[in-house]
>>> print(open('protein_12.cif').read())   # mmCIF, C-alpha atoms and all ligand atoms
data_entry
#
loop_
_atom_site.label_atom_id
_atom_site.label_comp_id
_atom_site.auth_asym_id
_atom_site.auth_seq_id
_atom_site.Cartn_x
_atom_site.Cartn_y
_atom_site.Cartn_z
CA MET A 29 -19.84 15.17 24.46
CA ALA A 30 -21.44 11.76 24.90
CA ILE A 31 -18.98 9.92 22.65
CA SER A 32 -16.59 7.62 24.49
CA LEU A 33 -12.83 8.20 24.28
CA LYS A 34 -12.42 4.84 22.61
CA LEU A 35 -14.92 5.63 19.86
CA ARG A 36 -13.43 9.10 19.42
CA PHE A 37 -9.99 7.56 18.97
CA GLU A 38 -11.40 5.06 16.44
CA ILE A 39 -12.95 7.90 14.41
CA PHE A 40 -9.72 9.94 14.42
CA LYS A 41 -7.77 6.84 13.42
CA ARG A 42 -10.24 5.97 10.63
CA ASP A 43 -9.99 9.55 9.29
CA GLY A 44 -6.19 9.60 9.55
CA PHE A 45 -6.19 12.35 12.20
CA THR A 46 -7.31 14.72 9.43
CA CYS A 47 -10.12 17.28 9.42
CA GLN A 48 -12.55 16.00 6.79
CA TYR A 49 -13.46 19.56 5.77
CA CYS A 50 -10.19 21.45 5.40
CA GLY A 51 -7.69 18.56 5.34
CA ARG A 52 -5.52 19.86 8.15
CA LYS A 53 -4.10 17.35 10.61
CA THR A 54 -2.99 16.82 14.15
CA PRO A 55 -0.77 18.41 15.47
CA GLU A 56 -1.49 21.49 13.32
CA VAL A 57 -5.11 21.70 14.46
CA ILE A 58 -7.17 20.45 17.35
CA LEU A 59 -9.61 17.83 16.18
CA GLU A 60 -13.10 17.07 17.32
CA VAL A 61 -15.61 14.40 16.49
CA GLU A 62 -18.67 15.87 14.82
CA HIS A 63 -22.12 14.41 14.26
CA ILE A 64 -22.96 14.58 10.55
CA ILE A 65 -26.67 14.59 11.39
CA PRO A 66 -26.93 16.37 14.76
CA LEU A 67 -28.33 14.46 17.71
CA SER A 68 -31.07 17.10 17.93
CA LYS A 69 -32.19 16.16 14.39
CA GLY A 70 -32.26 12.45 15.11
CA GLY A 71 -28.60 11.62 14.35
CA THR A 72 -26.96 8.78 16.27
CA ASP A 73 -23.60 8.07 17.89
CA GLU A 74 -22.93 5.32 15.33
CA SER A 75 -19.55 5.67 13.63
CA ASP A 76 -21.09 6.30 10.19
CA ASN A 77 -22.74 9.41 11.59
CA LEU A 78 -19.45 10.65 13.01
CA THR A 79 -16.66 12.48 11.29
CA THR A 80 -13.41 14.21 12.18
CA SER A 81 -13.50 17.98 12.09
CA CYS A 82 -11.07 20.59 13.34
CA PHE A 83 -12.07 23.10 15.98
CA GLU A 84 -12.70 25.86 13.43
CA CYS A 85 -14.53 23.80 10.82
CA ASN A 86 -16.77 22.29 13.47
CA ARG A 87 -17.91 25.79 14.33
CA GLY A 88 -18.48 26.67 10.69
CA LYS A 89 -15.57 29.05 10.69
CA GLY A 90 -12.89 28.94 8.05
CA LYS A 91 -9.19 29.41 8.59
CA SER A 92 -9.47 33.17 7.99
CA LEU A 93 -11.73 33.54 10.99
CA LEU A 94 -9.25 31.94 13.33
CA ASP A 95 -8.34 35.29 14.91
CA THR A 96 -11.94 35.99 15.82
CA VAL A 97 -12.34 32.53 17.28
CA LEU A 98 -9.23 33.02 19.36
CA LYS A 99 -10.38 36.42 20.61
CA ASP A 100 -13.74 35.02 21.67
CA ARG A 101 -12.18 32.34 23.84
CA ASP A 102 -11.66 32.83 27.52
CA ILE A 103 -8.96 31.42 29.75
CA HIS A 104 -11.09 28.43 30.62
CA ASP A 105 -11.53 27.46 26.95
CA GLU A 106 -7.84 28.03 26.40
CA THR A 107 -6.92 25.57 29.17
CA ILE A 108 -9.31 22.95 27.86
CA LEU A 109 -7.88 23.34 24.35
CA LEU A 110 -4.34 23.00 25.64
CA ALA A 111 -5.25 19.82 27.49
CA GLU A 112 -7.04 18.59 24.41
CA ARG A 113 -3.99 19.26 22.24
CA GLU A 114 -1.80 17.33 24.66
CA PHE A 115 -4.23 14.45 24.63
CA GLN A 116 -4.48 14.36 20.84
CA LEU A 117 -0.73 14.54 20.45
CA ALA A 118 -0.43 11.54 22.74
CA GLU A 119 -2.99 9.61 20.65
CA TYR A 120 -1.33 10.69 17.42
CA ASN A 121 2.13 9.74 18.66
CA TYR A 122 0.83 6.37 19.77
CA ILE A 123 -0.45 5.64 16.25
CA LYS A 124 2.74 6.95 14.66
CA LYS A 125 4.78 4.72 16.96
CA LYS A 126 2.70 1.66 16.04
CA ILE A 127 3.10 2.45 12.33
CA ARG A 128 6.85 2.92 12.80
CA GLU A 129 7.14 -0.44 14.60
CA ARG A 130 5.19 -2.18 11.86
CA GLU A 131 7.35 -0.56 9.19
CA ASN A 132 10.58 -1.51 10.99
CA LYS A 133 9.45 -5.12 11.13
CA GLU A 134 8.51 -5.14 7.45
CA ILE A 135 11.73 -3.41 6.38
CA GLN A 136 13.73 -5.98 8.34
CA GLU A 137 11.87 -8.85 6.69
CA LEU A 138 12.31 -7.37 3.23
CA MET A 139 15.99 -6.74 3.87
CA ASP A 140 16.46 -10.35 4.97
CA TYR A 141 14.62 -11.50 1.89
CA PHE A 142 16.78 -9.31 -0.36
CA SER A 143 19.98 -10.69 1.18
CA SER A 144 18.71 -14.28 0.95
CA LYS A 145 18.12 -13.84 -2.80
CA ILE A 146 21.69 -12.83 -3.54
CA HIS A 147 24.08 -15.74 -3.64
CA GLY A 148 27.81 -15.76 -3.18
CA GLU A 149 28.03 -12.27 -1.68
CA PRO A 150 28.04 -11.43 2.05
CA ALA A 151 24.66 -10.85 3.71
CA SER A 152 26.08 -7.80 5.48
CA ALA A 153 26.71 -6.16 2.09
CA ALA A 154 23.09 -6.78 1.10
CA ARG A 155 21.93 -5.15 4.32
CA ASP A 156 24.19 -2.13 3.75
CA GLU A 157 22.97 -1.62 0.20
CA PHE A 158 19.29 -2.24 0.89
CA PRO A 159 17.35 1.04 0.32
CA GLY A 160 15.54 0.99 3.67
CA TYR A 161 14.67 4.68 3.54
CA LEU A 162 12.89 4.38 0.17
CA VAL A 163 11.15 1.20 1.29
CA ARG A 164 9.79 3.08 4.32
CA GLN A 165 8.40 5.81 2.04
CA CYS A 166 6.74 3.17 -0.14
CA LEU A 167 5.24 1.35 2.84
CA LYS A 168 3.07 4.43 3.46
CA THR A 169 1.13 3.67 0.29
CA MET A 170 2.02 0.12 -0.74
CA SER A 171 1.66 -3.32 0.72
CA TYR A 172 4.97 -4.87 1.69
CA ILE A 173 3.98 -8.02 -0.16
CA ASP A 174 4.21 -6.02 -3.39
CA ILE A 175 7.76 -5.03 -2.47
CA TYR A 176 8.73 -8.72 -2.29
CA GLU A 177 7.88 -8.91 -5.98
CA LEU A 178 9.93 -5.82 -6.78
CA ILE A 179 12.89 -7.43 -4.99
CA ASP A 180 12.45 -10.57 -7.12
CA VAL A 181 12.42 -8.49 -10.30
CA SER A 182 15.48 -6.45 -9.27
CA VAL A 183 17.55 -9.48 -8.31
CA ASP A 184 16.55 -11.48 -11.40
CA ILE A 185 17.16 -8.71 -13.92
CA THR A 186 20.55 -7.73 -12.52
CA SER A 187 21.78 -11.30 -12.13
CA LYS A 188 22.49 -11.40 -15.87
CA ASP A 189 23.90 -7.91 -16.26
CA SER A 190 25.20 -6.07 -13.22
CA LYS A 191 26.95 -3.38 -15.35
CA GLY A 192 30.30 -3.91 -13.70
CA ASP A 193 28.96 -3.59 -10.15
CA ASN A 194 28.81 -6.62 -7.93
CA HIS A 195 25.36 -8.16 -7.89
CA THR A 196 24.30 -6.75 -4.52
CA VAL A 197 25.01 -3.17 -5.56
CA ALA A 198 23.40 -3.60 -8.99
CA ALA A 199 20.24 -5.17 -7.55
CA ALA A 200 19.96 -2.49 -4.85
CA LYS A 201 20.33 0.28 -7.47
CA TYR A 202 17.68 -1.33 -9.63
CA LEU A 203 15.33 -1.72 -6.68
CA SER A 204 15.84 1.93 -5.67
CA ALA A 205 14.97 3.05 -9.18
CA ILE A 206 11.70 1.06 -9.25
CA LEU A 207 10.75 2.29 -5.79
CA ARG A 208 11.42 5.92 -6.79
CA ASN A 209 9.17 5.46 -9.81
CA LYS A 210 6.43 3.97 -7.64
CA LEU A 211 6.63 6.98 -5.32
CA LYS A 212 6.48 9.35 -8.30
CA GLU A 213 3.45 7.55 -9.77
CA LYS A 214 1.72 7.71 -6.43
CA LYS A 215 2.43 11.43 -6.11
CA ILE A 216 1.05 12.11 -9.60
CA SER A 217 -2.12 10.13 -8.98
CA THR A 218 -2.81 11.86 -5.65
CA THR A 219 -2.29 15.23 -7.30
CA LEU A 220 -4.73 14.26 -10.06
CA GLU A 221 -7.27 13.04 -7.50
CA SER A 222 -7.10 16.35 -5.67
CA TYR A 223 -7.64 18.23 -8.95
CA GLU A 224 -10.69 16.13 -9.67
CA LYS A 225 -12.27 16.96 -6.30
ZN ZN A 301 -10.91 21.90 9.39
#
>>> encode(input="protein_12.cif", output="structure tokens", more="lines below")
Ligand SMILES: [Zn+2]
Amino acid sequence: MAISLKLRFEIFKRDGFTCQYCGRKTPEVILEVEHIIPLSKGGTDESDNLTTSCFECNRGKGKSLLDTVLKDRDIHDETILLAEREFQLAEYNYIKKKIRERENKEIQELMDYFSSKIHGEPASAARDEFPGYLVRQCLKTMSYIDIYELIDVSVDITSKDSKGDNHTVAAAKYLSAILRNKLKEKKISTTLESYEK
């Protein structure tokens, strides 16, 4: 294939390491870059003519034909595919690692912000109560700037009525509840989108 490794990586990254035909991802399937209009029919190597396809979809074979595809492959193909899988896993892990690092940084910042908003209670308590796990889930689909606002809301609302808890605990509970709702909304809207397709 004439496409450079760098461009290939960019296409995979743009398409979220997901086959654009069947929706399966690395590491479940081996991905390839496919020309939407083939080079033989005048297509180019420009990124808008390139898409991510899994091994089977690129050959016009559905999941059910996987067995046939596997039988038709010789040892040489098998070795190339194994090497390819290794390579894609490395690329995929690299991206995942970068995302994880970005999330860690954002979670830390949000946690610091949360603790700075609560007065008269120890910062360590704010860090313990901060729902970092939920925030990480939300960061997959939301901007962290939006979470700043949710922290403001949670701290403000619970400053008047903490229902017997200390303020840190009450604000963290409130924040968790809003974040859970956001995740639920997101799940519902993605399900609806996939029904509409
Ligand atoms: Zn596919």
>>> axis_aligned_box(input="protein_12.cif", around="range 204-215 of chain A", padding_each_side="8 Å", output="lines of an AutoDock Vina configuration file")
center_x = 8.8
center_y = 6.2
center_z = -7.6
size_x = 30.1
size_y = 26.4
size_z = 20.5
>>> atom_distance(input="protein_12.cif", atom1="CA of Ser182 in chain A", atom2="CA of Ala198 in chain A")
8.4 Å
>>> residues_near_ligand(input="protein_12.cif", ligand="ligand ZN 301 (chain A)", cutoff="9 Å", atoms="all atoms listed in the file", output="PyMOL selection string")
chain A and resi 46-53+57-59+80-86+89-91
>>> residues_around(input="protein_12.cif", residues="Pro159 in chain A", least_positions_apart="4", cutoff="8 Å", atoms="all atoms listed in the file", output="PyMOL selection string")
chain A and resi 163+200+203-204
>>> atom_distance(input="protein_12.cif", atom1="CA of Gln136 in chain A", atom2="CA of Cys166 in chain A")
14.3 Å
>>> closest_residue(input="protein_12.cif", among="A:Leu35, A:Ile108, A:Leu117, A:Leu211", to="Glu56 in chain A", atoms="only C-alpha atoms")
A:Leu117
>>> residues_near_point(input="protein_12.cif", point="(-4.3, 8.6, 13.4)", cutoff="9 Å", atoms="all atoms listed in the file", output="PyMOL selection string")
chain A and resi 37-46+54+119-124
>>> residues_around(input="protein_12.cif", residues="Lys201 in chain A", least_positions_apart="3", cutoff="12 Å", atoms="all atoms listed in the file", output="PyMOL selection string")
chain A and resi 154+157-159+162+179+182-183+185-186+190-191+193-198+204-208
>>> closest_residue(input="protein_12.cif", among="A:Ile64, A:Ala153, A:Leu78, A:Ala199", to="Asp180 in chain A", atoms="only C-alpha atoms")
A:Ala199
>>> atom_distance(input="protein_12.cif", atom1="CA of Lys212 in chain A", atom2="CA of Lys168 in chain A")
13.2 Å
>>> closest_residue(input="protein_12.cif", among="A:His147, A:Arg36, A:Lys133, A:Lys125", to="Gly160 in chain A", atoms="only C-alpha atoms")
A:Lys133
>>> closest_residue(input="protein_12.cif", among="A:Leu167, A:Ile216, A:Leu178, A:Ile135", to="Tyr202 in chain A", atoms="only C-alpha atoms")
A:Leu178
>>> closest_residue(input="protein_12.cif", among="A:Asp156, A:Glu74, A:Glu106, A:Glu114", to="Pro55 in chain A", atoms="all atoms listed in the file")
A:Glu114
>>> residues_around(input="protein_12.cif", residues="Asn77 in chain A", least_positions_apart="5", cutoff="9 Å", atoms="only C-alpha atoms", output="PDB file with C-alpha atoms, keeping the file's coordinate frame")
ATOM      1  CA  GLU A  62     -18.670  15.870  14.820  1.00  0.00           C
ATOM      2  CA  HIS A  63     -22.120  14.410  14.260  1.00  0.00           C
ATOM      3  CA  ILE A  64     -22.960  14.580  10.550  1.00  0.00           C
ATOM      4  CA  ILE A  65     -26.670  14.590  11.390  1.00  0.00           C
ATOM      5  CA  PRO A  66     -26.930  16.370  14.760  1.00  0.00           C
ATOM      6  CA  GLY A  71     -28.600  11.620  14.350  1.00  0.00           C
ATOM      7  CA  THR A  72     -26.960   8.780  16.270  1.00  0.00           C
TER       8      THR A  72
END
>>> build_atoms(input="protein_12.cif", residues="range 48-59 of chain A", atoms="all heavy atoms", output="JSON list (two decimals), in the frame of the given file")
[["chain", "number", "residue", "atom", "x", "y", "z"],
["A", 48, "GLN", "N", -11.95, 16.44, 8.04],
["A", 48, "GLN", "CA", -12.55, 16.00, 6.79],
["A", 48, "GLN", "C", -13.08, 17.18, 5.97],
["A", 48, "GLN", "O", -13.53, 17.00, 4.85],
["A", 48, "GLN", "CB", -13.69, 15.00, 7.07],
["A", 48, "GLN", "CG", -13.22, 13.74, 7.79],
["A", 48, "GLN", "CD", -12.15, 12.98, 7.00],
["A", 48, "GLN", "OE1", -12.41, 12.44, 5.93],
["A", 48, "GLN", "NE2", -10.91, 12.97, 7.51],
["A", 49, "TYR", "N", -12.99, 18.38, 6.51],
["A", 49, "TYR", "CA", -13.46, 19.56, 5.77],
["A", 49, "TYR", "C", -12.30, 20.33, 5.15],
["A", 49, "TYR", "O", -12.33, 20.66, 3.98],
["A", 49, "TYR", "CB", -14.27, 20.47, 6.70],
["A", 49, "TYR", "CG", -15.46, 19.76, 7.26],
["A", 49, "TYR", "CD1", -15.45, 19.24, 8.55],
["A", 49, "TYR", "CD2", -16.60, 19.56, 6.47],
["A", 49, "TYR", "CE1", -16.54, 18.55, 9.06],
["A", 49, "TYR", "CE2", -17.70, 18.87, 6.97],
["A", 49, "TYR", "CZ", -17.66, 18.36, 8.27],
["A", 49, "TYR", "OH", -18.73, 17.67, 8.75],
["A", 50, "CYS", "N", -11.27, 20.61, 5.94],
["A", 50, "CYS", "CA", -10.19, 21.45, 5.40],
["A", 50, "CYS", "C", -8.90, 20.66, 5.18],
["A", 50, "CYS", "O", -7.95, 21.19, 4.61],
["A", 50, "CYS", "CB", -9.93, 22.63, 6.34],
["A", 50, "CYS", "SG", -9.19, 22.17, 7.91],
["A", 51, "GLY", "N", -8.86, 19.40, 5.62],
["A", 51, "GLY", "CA", -7.69, 18.56, 5.34],
["A", 51, "GLY", "C", -6.50, 18.80, 6.26],
["A", 51, "GLY", "O", -5.45, 18.20, 6.06],
["A", 52, "ARG", "N", -6.66, 19.67, 7.24],
["A", 52, "ARG", "CA", -5.52, 19.86, 8.15],
["A", 52, "ARG", "C", -5.50, 18.74, 9.19],
["A", 52, "ARG", "O", -6.53, 18.11, 9.46],
["A", 52, "ARG", "CB", -5.60, 21.24, 8.82],
["A", 52, "ARG", "CG", -5.25, 22.35, 7.82],
["A", 52, "ARG", "CD", -5.25, 23.71, 8.47],
["A", 52, "ARG", "NE", -6.61, 24.10, 8.84],
["A", 52, "ARG", "CZ", -6.88, 25.07, 9.70],
["A", 52, "ARG", "NH1", -5.91, 25.72, 10.30],
["A", 52, "ARG", "NH2", -8.13, 25.40, 9.97],
["A", 53, "LYS", "N", -4.30, 18.52, 9.74],
["A", 53, "LYS", "CA", -4.10, 17.35, 10.61],
["A", 53, "LYS", "C", -3.62, 17.73, 12.00],
["A", 53, "LYS", "O", -3.08, 18.82, 12.19],
["A", 53, "LYS", "CB", -3.00, 16.46, 10.02],
["A", 53, "LYS", "CG", -3.34, 15.75, 8.75],
["A", 53, "LYS", "CD", -2.07, 15.13, 8.18],
["A", 53, "LYS", "CE", -2.27, 14.68, 6.76],
["A", 53, "LYS", "NZ", -2.61, 13.32, 6.56],
["A", 54, "THR", "N", -3.73, 16.75, 12.90],
["A", 54, "THR", "CA", -2.99, 16.82, 14.15],
["A", 54, "THR", "C", -1.51, 16.77, 13.77],
["A", 54, "THR", "O", -1.17, 16.02, 12.85],
["A", 54, "THR", "CB", -3.28, 15.58, 15.02],
["A", 54, "THR", "OG1", -4.66, 15.58, 15.33],
["A", 54, "THR", "CG2", -2.48, 15.58, 16.30],
["A", 55, "PRO", "N", -0.56, 17.48, 14.35],
["A", 55, "PRO", "CA", -0.77, 18.41, 15.47],
["A", 55, "PRO", "C", -1.05, 19.85, 15.06],
["A", 55, "PRO", "O", -1.11, 20.71, 15.91],
["A", 55, "PRO", "CB", 0.56, 18.30, 16.21],
["A", 55, "PRO", "CG", 1.55, 17.95, 15.16],
["A", 55, "PRO", "CD", 0.83, 17.21, 14.08],
["A", 56, "GLU", "N", -1.26, 20.10, 13.76],
["A", 56, "GLU", "CA", -1.49, 21.49, 13.32],
["A", 56, "GLU", "C", -2.79, 22.06, 13.90],
["A", 56, "GLU", "O", -2.87, 23.22, 14.27],
["A", 56, "GLU", "CB", -1.54, 21.54, 11.78],
["A", 56, "GLU", "CG", -1.48, 22.96, 11.23],
["A", 56, "GLU", "CD", -1.88, 23.04, 9.75],
["A", 56, "GLU", "OE1", -1.94, 21.99, 9.08],
["A", 56, "GLU", "OE2", -2.16, 24.15, 9.29],
["A", 57, "VAL", "N", -3.82, 21.23, 13.93],
["A", 57, "VAL", "CA", -5.11, 21.70, 14.46],
["A", 57, "VAL", "C", -5.61, 20.77, 15.56],
["A", 57, "VAL", "O", -5.16, 19.63, 15.67],
["A", 57, "VAL", "CB", -6.19, 21.74, 13.34],
["A", 57, "VAL", "CG1", -5.93, 22.87, 12.39],
["A", 57, "VAL", "CG2", -6.29, 20.41, 12.62],
["A", 58, "ILE", "N", -6.52, 21.27, 16.34],
["A", 58, "ILE", "CA", -7.17, 20.45, 17.35],
["A", 58, "ILE", "C", -8.41, 19.83, 16.71],
["A", 58, "ILE", "O", -9.19, 20.51, 16.05],
["A", 58, "ILE", "CB", -7.55, 21.30, 18.57],
["A", 58, "ILE", "CG1", -6.28, 21.78, 19.24],
["A", 58, "ILE", "CG2", -8.42, 20.50, 19.53],
["A", 58, "ILE", "CD1", -6.51, 22.68, 20.42],
["A", 59, "LEU", "N", -8.51, 18.53, 16.85],
["A", 59, "LEU", "CA", -9.61, 17.83, 16.18],
["A", 59, "LEU", "C", -10.76, 17.53, 17.14],
["A", 59, "LEU", "O", -10.55, 17.36, 18.34],
["A", 59, "LEU", "CB", -9.09, 16.52, 15.58],
["A", 59, "LEU", "CG", -8.00, 16.69, 14.52],
["A", 59, "LEU", "CD1", -7.45, 15.33, 14.13],
["A", 59, "LEU", "CD2", -8.54, 17.42, 13.30]]
